[in-house]
Amino acid sequence: MSGGLPSSAALVAAASGLSASPTGSTVIGMAVPGVPYNTLVVACGVAAVGCAAGVVGSLALLRKRPLVGDAAAHATLAGVAGAFLLTGRRDLASLLTGALVAALVGLGALVLVRRVTRTRDDAATAIVIGGGFGLGIALVSGITARGIPGGGGLEHFLLGHAAALTADDARLLMAVSATAITLVVLALKEFTLVAFDASFAAATGWPIVLLDQALVTLVAVMVVVGLPAAGAVLVTALIVIPPVAARQWTERVGTLVALAGGVGATAAVAGVVVTSARPGLPTGPVIVLAAACFCLVSVVASPRRGWLVRTLRAAAERRAWAAGLLLDACVRAAERGDGTFTVTDVTDGRTARAAWRMLEHEGLVERLHEPTAEARVPRDAWRLSVRGLDRARQRQRRAAEWVAAFDRAPAAAKERFSLDLPACAITTDAGDTRAT
Amino acid sequence: MTDSATPSATGDRPVPLVEFHDVTVAYGRRPVLWNVDLVIDAPCLFGIIGPNGAGKSTLLKAALGLVPLVGGTVRFAGVPLARARHTIGYVPQRESVDWDFPVSAFDVVLMGTYGRLGWFRRPGPAERASARDSLARVGLADVADRQIGRLSGGQQQRVFLARALAQEAAIYLLDEPMAGVDARSQEQIFDVLASLRASGRLVVVVHHDLRTAAEWFDRVALIDMRLVAAGPTATVLTPDNLRRTYSGQVELLREVGLAVAERGRTS
Amino acid sequence: MMAGTAGGMHLWAIATASVVAAACALVGTLLVVRRQSLLGDAIGHAVLPGIALAVLAGARPGGVAVFGAAVACALVTVGLVQVLRAVAGLAEDAGAGVVFTSLFAAGVVIVTLGASRIDLDASCVLYGILEMVPFDTVPVGGVEVPRGFVSSAAVLAALVAVAVPTWKLQVFSAFDPDGARAAGVPVAAVTTGLLAATAVATVAGFEVVGAVLVVALLVVPAAAAELLVHRLHRVALLAVAFAVGGAIVGYLLAYRWNTSAGGVIAVVLVAQYVVAALLAPEDGCVAQVAGRVRFAWRVAREDRLAAVWRAMEQRGTPAGPRSALEHLAGWWLRVRGRIVGAASLSAAGRREAEMVVRSHRLWEAWLGRHADLPLDHLHPPAEWVEHHLGEAARRRIEAELEHGRGDPHGREIPPEA
C-alpha cells in the first residue's frame, strides 16, 4: 500500500501548488505559446477536478459503492437552478453551493427512503434521480422559457461546458480538488481499512459510519465541482471510470489512487483541448469518452489482469495440460512396446499435435535415429529423452502425493481440494499459486 | 506488553478478563441471543460451541459492539469495551472480505497495528517490524508480498491470525478460524493459539466441531440461543448438556423472537 | 400538418404521454421486482448512440429501425457489463457505470456532431420533445394523428400483447431464476425479452421525458405501487394507473407553469411515491408510527394493570408508574373502570392483568429451566416478553413445563382465561 504513497503525496503537492493562487499564478502564468491564458487556467482547473474525482472514486470503488454519487449528481441540477432563482446570481461559487446542498439532500433522501420504506436501494436511487433531475429540468426550462437574464447558462450544467469557466472559477475548482485529495491522502489508511474489512475496522474501534459518511460527502463534493466540466448527467463517469481503468494495472491501494488521479486528470485535459478546438461540443461527453478509452485499453491490455494476457495465459495453461497428458500417453506407449512409439501412436487430433510440438520443442522426446535411407527401424520411431523420463517420473510422483494428501485430509476438507491438479502440469513453474 | 495492555485490576479478587452480564442481542428487532451470563476469569483457550444459527458469532460481535445489545453489559477486565479496545485482538469470519482487494498479505497484517496508531499516522518501522514478526509466527513470511486473493484458504486465515497478533492484544476473539481450512493450517493455527495461551493471553474461539473442541479447549461454553453451560471442558461436554444444546429445544425462543420482531404490526 | 386546434393538440400530447407512461410502467414493474431498476437507468442512457446512428443513417424517428437499434444497444450494454465482469472482475454496478456513461457520451457526441444533418439535438435528448409531438402527424383512417402517438400506441399494444401470455414466466424467473430454470422455463430468453422490452419502452419514453428521466417513468410508479399492493399483477396495474395519472397531471402543471413537461411529470411521479410511502396502509410511515404508539400504549396499560394485580396478590400498595405514559395509562384505566379505588381491579381488568402476569411467570419458569440463569436474572427478560406472548405461545410453554403451577420464585401462575 505504502509503495504508492509518495506518488499520491506528490499529486497533492502538485495540486495544492496549482491552487495556491498568488504563487500558483506563476505556475499557471507560464505562457505556452499559442494557447490563450484562460484556456490554460481552465485546463489546469479541470485537470485538478479530474484528478481529485479519480482519487475519491478509487475509494468509492474499493468500498463497493461506485455509483454512490449518481443520484446526488442528478439532484445537483435542481440545486444549481434553485440557487440561481433564490440569489439571482450566477457566479460559480453560489451555483455550486446550491448544487452541494441539493446533492446532500439527495443523499439524505436516499438514506431516508432506505430506512423508512420497503423500497430497495436500486429503486430508491432511481426515485432520487427522477425527483432531483426532474425538478432540475423543470426549473431550468422554466427559467429559460421566461427569459430570465443570465438563466441561459444554466443548461451548461447538464452536459458540461468548460469553456464558460473563468480563471477565478478554475482556481476555485483547484482549491476544492486539492483539499479533497489532501483529505484522502491523510486518511488513506483509515479508508482502506474500512473498505477491505469493515467488521475488523469496527471491532478495532474505527467509526465506520463516520468514515463512510465522509467518503460519501467527498464524492458529493467531487460531483459538484465536476459539474461545470462534465455536467450533471455524466459527472458520475469521472468518479467511476478512472479507478476502474487504474485497477487493472496495480495490486496496491496507493498506486491505484495515484493512477486513477492521473487518468482522471488526463481525460479532463483531453476534454478541454478537444472542445476548445470544436466549440458547440459539450465537454462532459468528450472527457468521458477519453476516460473510456483509457479503460478499454486497460481492460484489454494491462499486463496482469488484462484480457489479452489472461487469454494467452489460459491458452498456455491448456497447452501445458495437454502436453502433460501426452507425456503420460508416451510413457504408456513406451511401456507397451520396446520403449519406442510413433507420433500416431500417441496423438490424435489438433490439440495433441500442438502438445506434441511442445514436447519436441522442450526436448522431452527424441527421435530414435535420424531418418536415413537404410534404417531398419520405422522412419517415425521416437522415445522419451532422459529429461522426458525425468519429467514423467516427477509428474507421477506429484500425482501420487496429491492422492495421498487427499486420502489423509478430513472428509470436510475434501470438497475444498483443488481439482485442477496443479502439481500435474508439465512445466514445473506452472503450479497455481492457490494450491496449498 | 501485556502489562501495559491489561487494564489495572481493582480489589483483591482478580477482575474477570471477560464478563457477559445478562446479554441479550437482537438483529433488527428479533432477539437471537437471550440473557447470556458468562464469566471468563483467567487466561486459557476458551471455546464457544453450539449448532448453526445458535448465536455463537453473534455473541462475539456483541462483545465487540458490532451488533447492538438490547440488554445487559459486557466488560473486559472490569472496563467497558470503549476503554478496552486496544487490549482485544479480533479475527472475523473470512466471508466478510473482498479477496480481489488490492492489498498484499503484509498490508493486511499491518492493519493490525492501525488501532494503536490512531488517526492519520502512518505505520513506521516499529509497526512494520511487528507485522513482519506476526507473519513469520504463522509461517507466511515468504508470501508477504503476495496479493491476498492469491493465497489459499488456510493461508488467508493465517494472515488474519497474524493481523490479530500484530494487534499485540491481551484478549483474542476468533470467529470460526478453522472453518474451511485444510488440516495443516488448522494445526498451525492451533499451535499459535496455544503459544498465546502459554504467554498468558486469553483466547476465545467460536468453533463448531465438537470432536476437536474436546481436545483443544481448556474451557468451553455451550450456546444455543441461550447459554446452556460453561466451565472446564470435561465437565461441560457431557451427553446431557450436548443434548440440551443440539436437540433444538429452543424452538420456542425462535418463535417468541419472531413475535417480538413482528410487534407494532400485529398489535 | 397540425392535429387540429390548440386544445386538440394538448389532448394529443397528453394521450401520447399517457400511453408512453403506461408502457414504461408495465416494463418497469418487472425491473423493480427483479431489483434491476438501475438497468432501466443504464439502458435509458445507453440506447442513445443506437438511436442517433439509426437516425443519421436515415431512419425515421419512431420507426422500426430506431427501435431495432435501441434494442441492439441495450443488449450490447448488458453484454459489455458481463464481459467486464468476466475479464476485469468488475462488479455489475461498476461495470454498468462504465458502460452506460460511455455509451451515452458517445451518443451525445454523435448527436452534436451530426446536429446539422438530423432531427435530434442535445436538448431534445435531455428534455424530451412532448410539446412537439402534435406537430408531426400522419393520416390514420382519414384523421391526422401525431406520429409519436401512433408509434407509442403500437409499442404499448405490442408490450401488452407479449406481456399477457408470458407474465407467469416473467414472475417465475424474477422470483426464483434457478427454480424456473430447473422447471424448464427458458430464463435466458425471458430475461433477454425483458431487456428488449425495456429498450423499446425507453425509446418511446425518450420523446416524452428525455433520456435521463426515462428511469423515472420506468421505476417510480412501480416502486409506489409496490408499497400499496402485494400481488405482482396488481402492482403492474396500479403502476400503470399511477403513470397515466402522473403523465396527465404533470403535463397540465407544466403547461400552466410554462416549463418542460418531462421534468414536471417526473416530479409528479415522485410526489405520488412520497404520498404512497407516507400513507401505505401496512408499511407506510404513518402506519408504522401509529403501530409503535399503539404498542407503547398497550405496554403501559398492561404494566399498570399487572402492577395493581401484584399489589392485590401481596396485599400491598402497587408500585408507582415508571413513565409518564404509564401514569396516563393508569388514569385512563381508572376512567374506564378497570382499576377501582387505590388497588383493586374490575373483573375485566383482572382478566387482562392475569394474562400479563401469567405470560411473565410462564416465561420466567421456562427460561429458568432452559438457561442456567440465576433467579434474579429472570425478571428483566420476562418484563418485556410478557407483552409479546399470545394465548397459543402461553399454552405451549405451559405444556413444555409439564409440572406445577409455580414460577421459579414459588408464586402461582394464573390459569388461562
# chains A, B, ... in the order shown; residues from 1 in each chain; ligands from 1
>>> select_by_dssp(residues="segment 5-248 of chain B", states="strand (DSSP E)", output="PyMOL selection string")
chain B and resi 18-27+30-40+45-49+69-76+79-80+88-91+171-175+202-207+219-223+227-232
>>> interface_residues(of="chain B", to="chain A", cutoff="9 Å", atoms="only C-alpha atoms", output="VMD selection string")
chain B and resid 61 64 to 66 82 85 to 86 88 to 92 96 to 104 107 to 108 111 to 112 114 to 115 119 to 122 147 149 to 155 180 to 183
>>> interface_residues(of="chain C", to="chain B", cutoff="10 Å", atoms="only C-alpha atoms", output="PyMOL selection string")
chain C and resi 89-90+282-283+287-296+298+366-367+370-374+377-378+380-381+384-385+387-390+393+396-397+400
>>> interface_residues(of="chain A", to="chain C", cutoff="7 Å", atoms="only C-alpha atoms", output="PyMOL selection string")
chain A and resi 66-67+116-117+119+122-123+126-127+130-131+134-135+137-138+141-142+145+234+237+240-241+281+285-286+288-289+292+299+305-307
>>> write_last_selection(atoms="C-alpha atoms", output="tab-separated table (two decimals), in the first residue's frame")
chain	number	residue	atom	x	y	z
A	66	PRO	CA	-19.03	3.12	-7.23
A	67	LEU	CA	-22.40	4.61	-8.15
A	116	VAL	CA	-38.45	4.03	6.46
A	117	THR	CA	-39.83	2.22	3.41
A	119	THR	CA	-38.30	0.19	-1.31
A	122	ASP	CA	-31.88	0.34	-6.65
A	123	ALA	CA	-35.39	1.73	-6.89
A	126	ALA	CA	-34.00	5.81	-9.39
A	127	ILE	CA	-36.55	7.75	-7.35
A	130	GLY	CA	-36.21	11.12	-11.06
A	131	GLY	CA	-37.20	13.65	-8.42
A	134	GLY	CA	-36.97	16.17	-12.99
A	135	LEU	CA	-37.16	19.17	-10.71
A	137	ILE	CA	-35.12	20.11	-15.75
A	138	ALA	CA	-38.43	21.75	-14.88
A	141	SER	CA	-36.51	25.07	-18.72
A	142	GLY	CA	-38.91	27.30	-16.79
A	145	ALA	CA	-38.78	29.95	-21.11
A	234	LEU	CA	-22.13	12.37	-16.90
A	237	ALA	CA	-18.33	8.76	-15.00
A	240	VAL	CA	-16.33	5.53	-11.80
A	241	ILE	CA	-14.24	5.14	-14.93
A	281	LEU	CA	-19.39	20.23	-28.41
A	285	PRO	CA	-19.06	13.56	-23.15
A	286	VAL	CA	-15.57	14.14	-24.52
A	288	VAL	CA	-16.00	10.57	-20.53
A	289	LEU	CA	-15.01	9.14	-23.89
A	292	ALA	CA	-13.45	5.25	-21.51
A	299	VAL	CA	-9.11	-3.89	-19.61
A	305	ARG	CA	-5.40	-8.62	-15.32
A	306	GLY	CA	-5.86	-7.69	-18.96
A	307	TRP	CA	-7.99	-9.70	-21.32
>>> select_by_dssp(residues="segment 39-116 of chain B", states="alpha helix (DSSP H)", output="list in words")
Lys56, Ser57, Thr58, Leu59, Leu60, Lys61, Ala62, Ala63, Leu81, Ala82, Arg83, Ala84, Ala105, Phe106, Asp107, Val108, Val109, Leu110, Tyr114, Gly115 and Arg116 of chain B
>>> write_last_selection(atoms="all heavy atoms", output="short mmCIF file (atom, residue, chain, number, x, y, z; two decimals), in the first residue's frame")
data_model
loop_
_atom_site.label_atom_id
_atom_site.label_comp_id
_atom_site.auth_asym_id
_atom_site.auth_seq_id
_atom_site.Cartn_x
_atom_site.Cartn_y
_atom_site.Cartn_z
N LYS B 56 -23.45 -18.05 18.19
CA LYS B 56 -22.07 -18.03 18.70
C LYS B 56 -21.33 -16.80 18.19
O LYS B 56 -20.75 -16.03 18.97
CB LYS B 56 -21.30 -19.28 18.23
CG LYS B 56 -21.95 -20.58 18.61
CD LYS B 56 -21.20 -21.75 17.98
CE LYS B 56 -21.14 -21.68 16.48
NZ LYS B 56 -21.83 -22.64 15.70
N SER B 57 -21.37 -16.62 16.86
CA SER B 57 -20.68 -15.46 16.30
C SER B 57 -21.31 -14.17 16.80
O SER B 57 -20.61 -13.17 17.02
CB SER B 57 -20.75 -15.50 14.77
OG SER B 57 -20.12 -16.65 14.29
N THR B 58 -22.64 -14.22 16.94
CA THR B 58 -23.34 -13.02 17.41
C THR B 58 -22.82 -12.60 18.79
O THR B 58 -22.68 -11.41 19.06
CB THR B 58 -24.85 -13.32 17.50
OG1 THR B 58 -25.26 -13.87 16.27
CG2 THR B 58 -25.62 -12.06 17.78
N LEU B 59 -22.50 -13.60 19.61
CA LEU B 59 -22.01 -13.28 20.95
C LEU B 59 -20.69 -12.50 20.86
O LEU B 59 -20.50 -11.48 21.54
CB LEU B 59 -21.82 -14.57 21.74
CG LEU B 59 -21.45 -14.39 23.21
CD1 LEU B 59 -22.58 -13.73 23.96
CD2 LEU B 59 -21.11 -15.73 23.85
N LEU B 60 -19.79 -12.98 19.96
CA LEU B 60 -18.52 -12.26 19.79
C LEU B 60 -18.76 -10.86 19.26
O LEU B 60 -18.18 -9.88 19.72
CB LEU B 60 -17.63 -13.00 18.79
CG LEU B 60 -16.77 -14.16 19.25
CD1 LEU B 60 -15.61 -14.34 18.30
CD2 LEU B 60 -16.27 -13.94 20.64
N LYS B 61 -19.65 -10.79 18.25
CA LYS B 61 -19.90 -9.48 17.64
C LYS B 61 -20.51 -8.53 18.65
O LYS B 61 -20.21 -7.33 18.65
CB LYS B 61 -20.81 -9.63 16.43
CG LYS B 61 -20.11 -10.28 15.26
CD LYS B 61 -21.02 -10.39 14.07
CE LYS B 61 -20.31 -11.11 12.93
NZ LYS B 61 -21.28 -11.74 12.03
N ALA B 62 -21.38 -9.07 19.50
CA ALA B 62 -21.98 -8.21 20.52
C ALA B 62 -20.91 -7.73 21.49
O ALA B 62 -20.89 -6.57 21.88
CB ALA B 62 -23.06 -8.98 21.27
N ALA B 63 -19.98 -8.63 21.83
CA ALA B 63 -18.91 -8.24 22.75
C ALA B 63 -18.09 -7.10 22.16
O ALA B 63 -17.63 -6.21 22.87
CB ALA B 63 -18.01 -9.44 23.04
N LEU B 81 -16.10 -1.82 26.83
CA LEU B 81 -15.41 -2.02 25.55
C LEU B 81 -14.64 -0.79 25.09
O LEU B 81 -13.50 -0.88 24.65
CB LEU B 81 -16.45 -2.41 24.50
CG LEU B 81 -15.93 -2.57 23.08
CD1 LEU B 81 -15.02 -3.77 22.99
CD2 LEU B 81 -17.09 -2.71 22.11
N ALA B 82 -15.27 0.37 25.19
CA ALA B 82 -14.66 1.57 24.62
C ALA B 82 -13.25 1.80 25.18
O ALA B 82 -12.37 2.27 24.47
CB ALA B 82 -15.54 2.79 24.91
N ARG B 83 -13.05 1.43 26.45
CA ARG B 83 -11.72 1.64 27.04
C ARG B 83 -10.82 0.43 26.90
O ARG B 83 -9.65 0.48 27.27
CB ARG B 83 -11.86 2.03 28.51
CG ARG B 83 -12.26 3.50 28.68
CD ARG B 83 -12.69 3.78 30.09
NE ARG B 83 -11.69 3.39 31.05
CZ ARG B 83 -11.96 3.10 32.33
NH1 ARG B 83 -13.21 3.16 32.76
NH2 ARG B 83 -11.00 2.76 33.14
N ALA B 84 -11.38 -0.69 26.38
CA ALA B 84 -10.60 -1.92 26.34
C ALA B 84 -10.22 -2.32 24.92
O ALA B 84 -9.55 -3.32 24.71
CB ALA B 84 -11.39 -3.04 26.99
N ALA B 105 -0.51 -9.61 1.55
CA ALA B 105 -0.62 -10.24 2.87
C ALA B 105 -0.01 -9.33 3.94
O ALA B 105 -0.57 -9.14 5.02
CB ALA B 105 0.07 -11.59 2.85
N PHE B 106 1.14 -8.74 3.61
CA PHE B 106 1.82 -7.88 4.58
C PHE B 106 0.95 -6.66 4.92
O PHE B 106 0.84 -6.28 6.09
CB PHE B 106 3.17 -7.44 4.01
CG PHE B 106 3.94 -6.54 4.92
CD1 PHE B 106 4.58 -7.06 6.03
CD2 PHE B 106 4.01 -5.18 4.67
CE1 PHE B 106 5.28 -6.23 6.88
CE2 PHE B 106 4.71 -4.36 5.52
CZ PHE B 106 5.35 -4.87 6.63
N ASP B 107 0.34 -6.07 3.88
CA ASP B 107 -0.54 -4.92 4.13
C ASP B 107 -1.65 -5.27 5.10
O ASP B 107 -2.00 -4.49 5.99
CB ASP B 107 -1.18 -4.44 2.82
CG ASP B 107 -0.16 -3.86 1.85
OD1 ASP B 107 0.88 -3.40 2.34
OD2 ASP B 107 -0.41 -3.88 0.64
N VAL B 108 -2.22 -6.47 4.90
CA VAL B 108 -3.33 -6.88 5.76
C VAL B 108 -2.85 -7.00 7.21
O VAL B 108 -3.51 -6.52 8.14
CB VAL B 108 -3.92 -8.22 5.28
CG1 VAL B 108 -4.97 -8.71 6.25
CG2 VAL B 108 -4.53 -8.04 3.90
N VAL B 109 -1.69 -7.60 7.39
CA VAL B 109 -1.18 -7.77 8.75
C VAL B 109 -0.89 -6.40 9.38
O VAL B 109 -1.16 -6.16 10.56
CB VAL B 109 0.07 -8.66 8.75
CG1 VAL B 109 0.64 -8.78 10.15
CG2 VAL B 109 -0.28 -10.03 8.20
N LEU B 110 -0.38 -5.51 8.54
CA LEU B 110 -0.07 -4.17 9.03
C LEU B 110 -1.32 -3.48 9.59
O LEU B 110 -1.25 -2.65 10.49
CB LEU B 110 0.53 -3.36 7.88
CG LEU B 110 1.41 -2.16 8.22
CD1 LEU B 110 2.53 -2.58 9.15
CD2 LEU B 110 1.97 -1.56 6.95
N TYR B 114 -2.99 -0.56 13.08
CA TYR B 114 -3.66 0.73 12.89
C TYR B 114 -4.34 1.20 14.18
O TYR B 114 -4.38 2.39 14.45
CB TYR B 114 -4.72 0.65 11.78
CG TYR B 114 -4.16 0.57 10.39
CD1 TYR B 114 -2.78 0.48 10.17
CD2 TYR B 114 -5.00 0.59 9.27
CE1 TYR B 114 -2.27 0.39 8.89
CE2 TYR B 114 -4.49 0.52 7.99
CZ TYR B 114 -3.14 0.41 7.80
OH TYR B 114 -2.65 0.33 6.53
N GLY B 115 -4.88 0.22 14.93
CA GLY B 115 -5.62 0.59 16.14
C GLY B 115 -4.77 1.43 17.08
O GLY B 115 -5.22 2.45 17.60
N ARG B 116 -3.50 1.03 17.30
CA ARG B 116 -2.70 1.80 18.24
C ARG B 116 -2.07 3.01 17.57
O ARG B 116 -1.57 3.90 18.26
CB ARG B 116 -1.66 0.92 18.93
CG ARG B 116 -0.69 0.20 18.03
CD ARG B 116 0.36 -0.55 18.88
NE ARG B 116 1.31 -1.26 18.07
CZ ARG B 116 1.13 -2.46 17.56
NH1 ARG B 116 -0.02 -3.09 17.77
NH2 ARG B 116 2.06 -3.04 16.84
#
>>> residues_around(residues="segment 212-218 of chain B", least_positions_apart="2", cutoff="7 Å", atoms="only C-alpha atoms", output="list of chain:residue names")
B:Cys44, B:Leu45, B:Phe46, B:Gly47, B:Asp209, B:Leu210, B:Val220, B:Pro232, B:Thr233
>>> write_last_selection(atoms="all heavy atoms", output="PDB file, in the first residue's frame")
ATOM      1  N   CYS B  44      -6.833 -18.608  29.145  1.00  0.00           N
ATOM      2  CA  CYS B  44      -6.968 -20.004  28.754  1.00  0.00           C
ATOM      3  C   CYS B  44      -7.384 -20.038  27.300  1.00  0.00           C
ATOM      4  O   CYS B  44      -7.527 -19.004  26.670  1.00  0.00           O
ATOM      5  CB  CYS B  44      -8.024 -20.710  29.611  1.00  0.00           C
ATOM      6  SG  CYS B  44      -9.677 -20.027  29.424  1.00  0.00           S
ATOM      7  N   LEU B  45      -7.534 -21.248  26.762  1.00  0.00           N
ATOM      8  CA  LEU B  45      -8.133 -21.417  25.434  1.00  0.00           C
ATOM      9  C   LEU B  45      -9.609 -21.710  25.667  1.00  0.00           C
ATOM     10  O   LEU B  45      -9.953 -22.760  26.201  1.00  0.00           O
ATOM     11  CB  LEU B  45      -7.471 -22.583  24.716  1.00  0.00           C
ATOM     12  CG  LEU B  45      -6.413 -22.242  23.683  1.00  0.00           C
ATOM     13  CD1 LEU B  45      -5.770 -23.515  23.169  1.00  0.00           C
ATOM     14  CD2 LEU B  45      -7.031 -21.472  22.541  1.00  0.00           C
ATOM     15  N   PHE B  46     -10.459 -20.781  25.279  1.00  0.00           N
ATOM     16  CA  PHE B  46     -11.873 -20.880  25.609  1.00  0.00           C
ATOM     17  C   PHE B  46     -12.660 -21.093  24.318  1.00  0.00           C
ATOM     18  O   PHE B  46     -12.557 -20.303  23.384  1.00  0.00           O
ATOM     19  CB  PHE B  46     -12.319 -19.594  26.299  1.00  0.00           C
ATOM     20  CG  PHE B  46     -13.663 -19.698  26.957  1.00  0.00           C
ATOM     21  CD1 PHE B  46     -13.780 -19.951  28.316  1.00  0.00           C
ATOM     22  CD2 PHE B  46     -14.823 -19.554  26.209  1.00  0.00           C
ATOM     23  CE1 PHE B  46     -15.030 -20.058  28.913  1.00  0.00           C
ATOM     24  CE2 PHE B  46     -16.075 -19.657  26.796  1.00  0.00           C
ATOM     25  CZ  PHE B  46     -16.178 -19.909  28.160  1.00  0.00           C
ATOM     26  N   GLY B  47     -13.465 -22.169  24.285  1.00  0.00           N
ATOM     27  CA  GLY B  47     -14.250 -22.440  23.090  1.00  0.00           C
ATOM     28  C   GLY B  47     -15.705 -22.062  23.284  1.00  0.00           C
ATOM     29  O   GLY B  47     -16.275 -22.308  24.348  1.00  0.00           O
ATOM     30  N   ASP B 209     -16.915 -27.620  15.647  1.00  0.00           N
ATOM     31  CA  ASP B 209     -16.592 -29.039  15.558  1.00  0.00           C
ATOM     32  C   ASP B 209     -16.394 -29.620  16.967  1.00  0.00           C
ATOM     33  O   ASP B 209     -15.416 -29.322  17.643  1.00  0.00           O
ATOM     34  CB  ASP B 209     -15.326 -29.208  14.713  1.00  0.00           C
ATOM     35  CG  ASP B 209     -15.020 -30.674  14.471  1.00  0.00           C
ATOM     36  OD1 ASP B 209     -15.805 -31.525  14.937  1.00  0.00           O
ATOM     37  OD2 ASP B 209     -14.003 -30.959  13.831  1.00  0.00           O
ATOM     38  N   LEU B 210     -17.343 -30.451  17.368  1.00  0.00           N
ATOM     39  CA  LEU B 210     -17.301 -30.984  18.732  1.00  0.00           C
ATOM     40  C   LEU B 210     -16.091 -31.875  18.991  1.00  0.00           C
ATOM     41  O   LEU B 210     -15.503 -31.866  20.066  1.00  0.00           O
ATOM     42  CB  LEU B 210     -18.567 -31.802  18.998  1.00  0.00           C
ATOM     43  CG  LEU B 210     -19.742 -31.016  19.541  1.00  0.00           C
ATOM     44  CD1 LEU B 210     -20.958 -31.916  19.631  1.00  0.00           C
ATOM     45  CD2 LEU B 210     -19.397 -30.468  20.909  1.00  0.00           C
ATOM     46  N   VAL B 220     -15.021 -24.410  27.901  1.00  0.00           N
ATOM     47  CA  VAL B 220     -15.951 -24.160  26.812  1.00  0.00           C
ATOM     48  C   VAL B 220     -17.261 -23.598  27.352  1.00  0.00           C
ATOM     49  O   VAL B 220     -17.574 -23.746  28.541  1.00  0.00           O
ATOM     50  CB  VAL B 220     -16.279 -25.431  25.992  1.00  0.00           C
ATOM     51  CG1 VAL B 220     -15.056 -25.950  25.279  1.00  0.00           C
ATOM     52  CG2 VAL B 220     -16.881 -26.487  26.881  1.00  0.00           C
ATOM     53  N   PRO B 232     -15.032 -25.908  32.724  1.00  0.00           N
ATOM     54  CA  PRO B 232     -13.965 -26.753  32.197  1.00  0.00           C
ATOM     55  C   PRO B 232     -14.522 -27.747  31.186  1.00  0.00           C
ATOM     56  O   PRO B 232     -15.624 -28.279  31.370  1.00  0.00           O
ATOM     57  CB  PRO B 232     -13.446 -27.482  33.443  1.00  0.00           C
ATOM     58  CG  PRO B 232     -13.835 -26.611  34.580  1.00  0.00           C
ATOM     59  CD  PRO B 232     -15.109 -25.944  34.192  1.00  0.00           C
ATOM     60  N   THR B 233     -13.766 -27.981  30.127  1.00  0.00           N
ATOM     61  CA  THR B 233     -14.260 -28.781  29.017  1.00  0.00           C
ATOM     62  C   THR B 233     -14.847 -30.115  29.477  1.00  0.00           C
ATOM     63  O   THR B 233     -15.938 -30.497  29.062  1.00  0.00           O
ATOM     64  CB  THR B 233     -13.107 -29.031  28.032  1.00  0.00           C
ATOM     65  OG1 THR B 233     -12.556 -27.768  27.693  1.00  0.00           O
ATOM     66  CG2 THR B 233     -13.594 -29.722  26.789  1.00  0.00           C
TER      67      THR B 233
END
>>> residues_around(residues="segment 193-203 of chain C", least_positions_apart="5", cutoff="6 Å", atoms="only C-alpha atoms", output="list of chain:residue names")
C:Cys24, C:Gly44, C:Phe67, C:Ala70, C:Val71
>>> residues_around(residues="Gly200 of chain B", least_positions_apart="5", cutoff="9 Å", atoms="only C-alpha atoms", output="PyMOL selection string")
chain B and resi 2+42-44+170+195
>>> residues_around(residues="Leu237 of chain C", least_positions_apart="3", cutoff="10 Å", atoms="only C-alpha atoms", output="PDB file with C-alpha atoms, in the first residue's frame")
ATOM      1  CA  ALA C  22     -48.238   3.127 -19.274  1.00  0.00           C
ATOM      2  CA  ALA C  25     -44.634   1.398 -16.024  1.00  0.00           C
ATOM      3  CA  LEU C  26     -45.576  -2.056 -17.276  1.00  0.00           C
ATOM      4  CA  THR C  29     -42.705  -3.224 -12.677  1.00  0.00           C
ATOM      5  CA  ALA C 222     -43.872   0.600  -9.827  1.00  0.00           C
ATOM      6  CA  ALA C 225     -47.455   0.635  -6.350  1.00  0.00           C
ATOM      7  CA  LEU C 232     -47.427  -8.647  -8.952  1.00  0.00           C
ATOM      8  CA  HIS C 233     -50.214  -8.214 -11.496  1.00  0.00           C
ATOM      9  CA  ARG C 234     -51.884  -5.723  -9.161  1.00  0.00           C
ATOM     10  CA  VAL C 240     -49.840   1.841 -14.955  1.00  0.00           C
ATOM     11  CA  ALA C 241     -52.595   3.854 -13.280  1.00  0.00           C
ATOM     12  CA  PHE C 242     -50.048   5.934 -11.359  1.00  0.00           C
ATOM     13  CA  ALA C 243     -48.040   6.508 -14.523  1.00  0.00           C
TER      14      ALA C 243
END
>>> atom_distance(atom1="atom CA of Leu169 of chain C", atom2="atom CA of Val187 of chain C")
8.1 Å
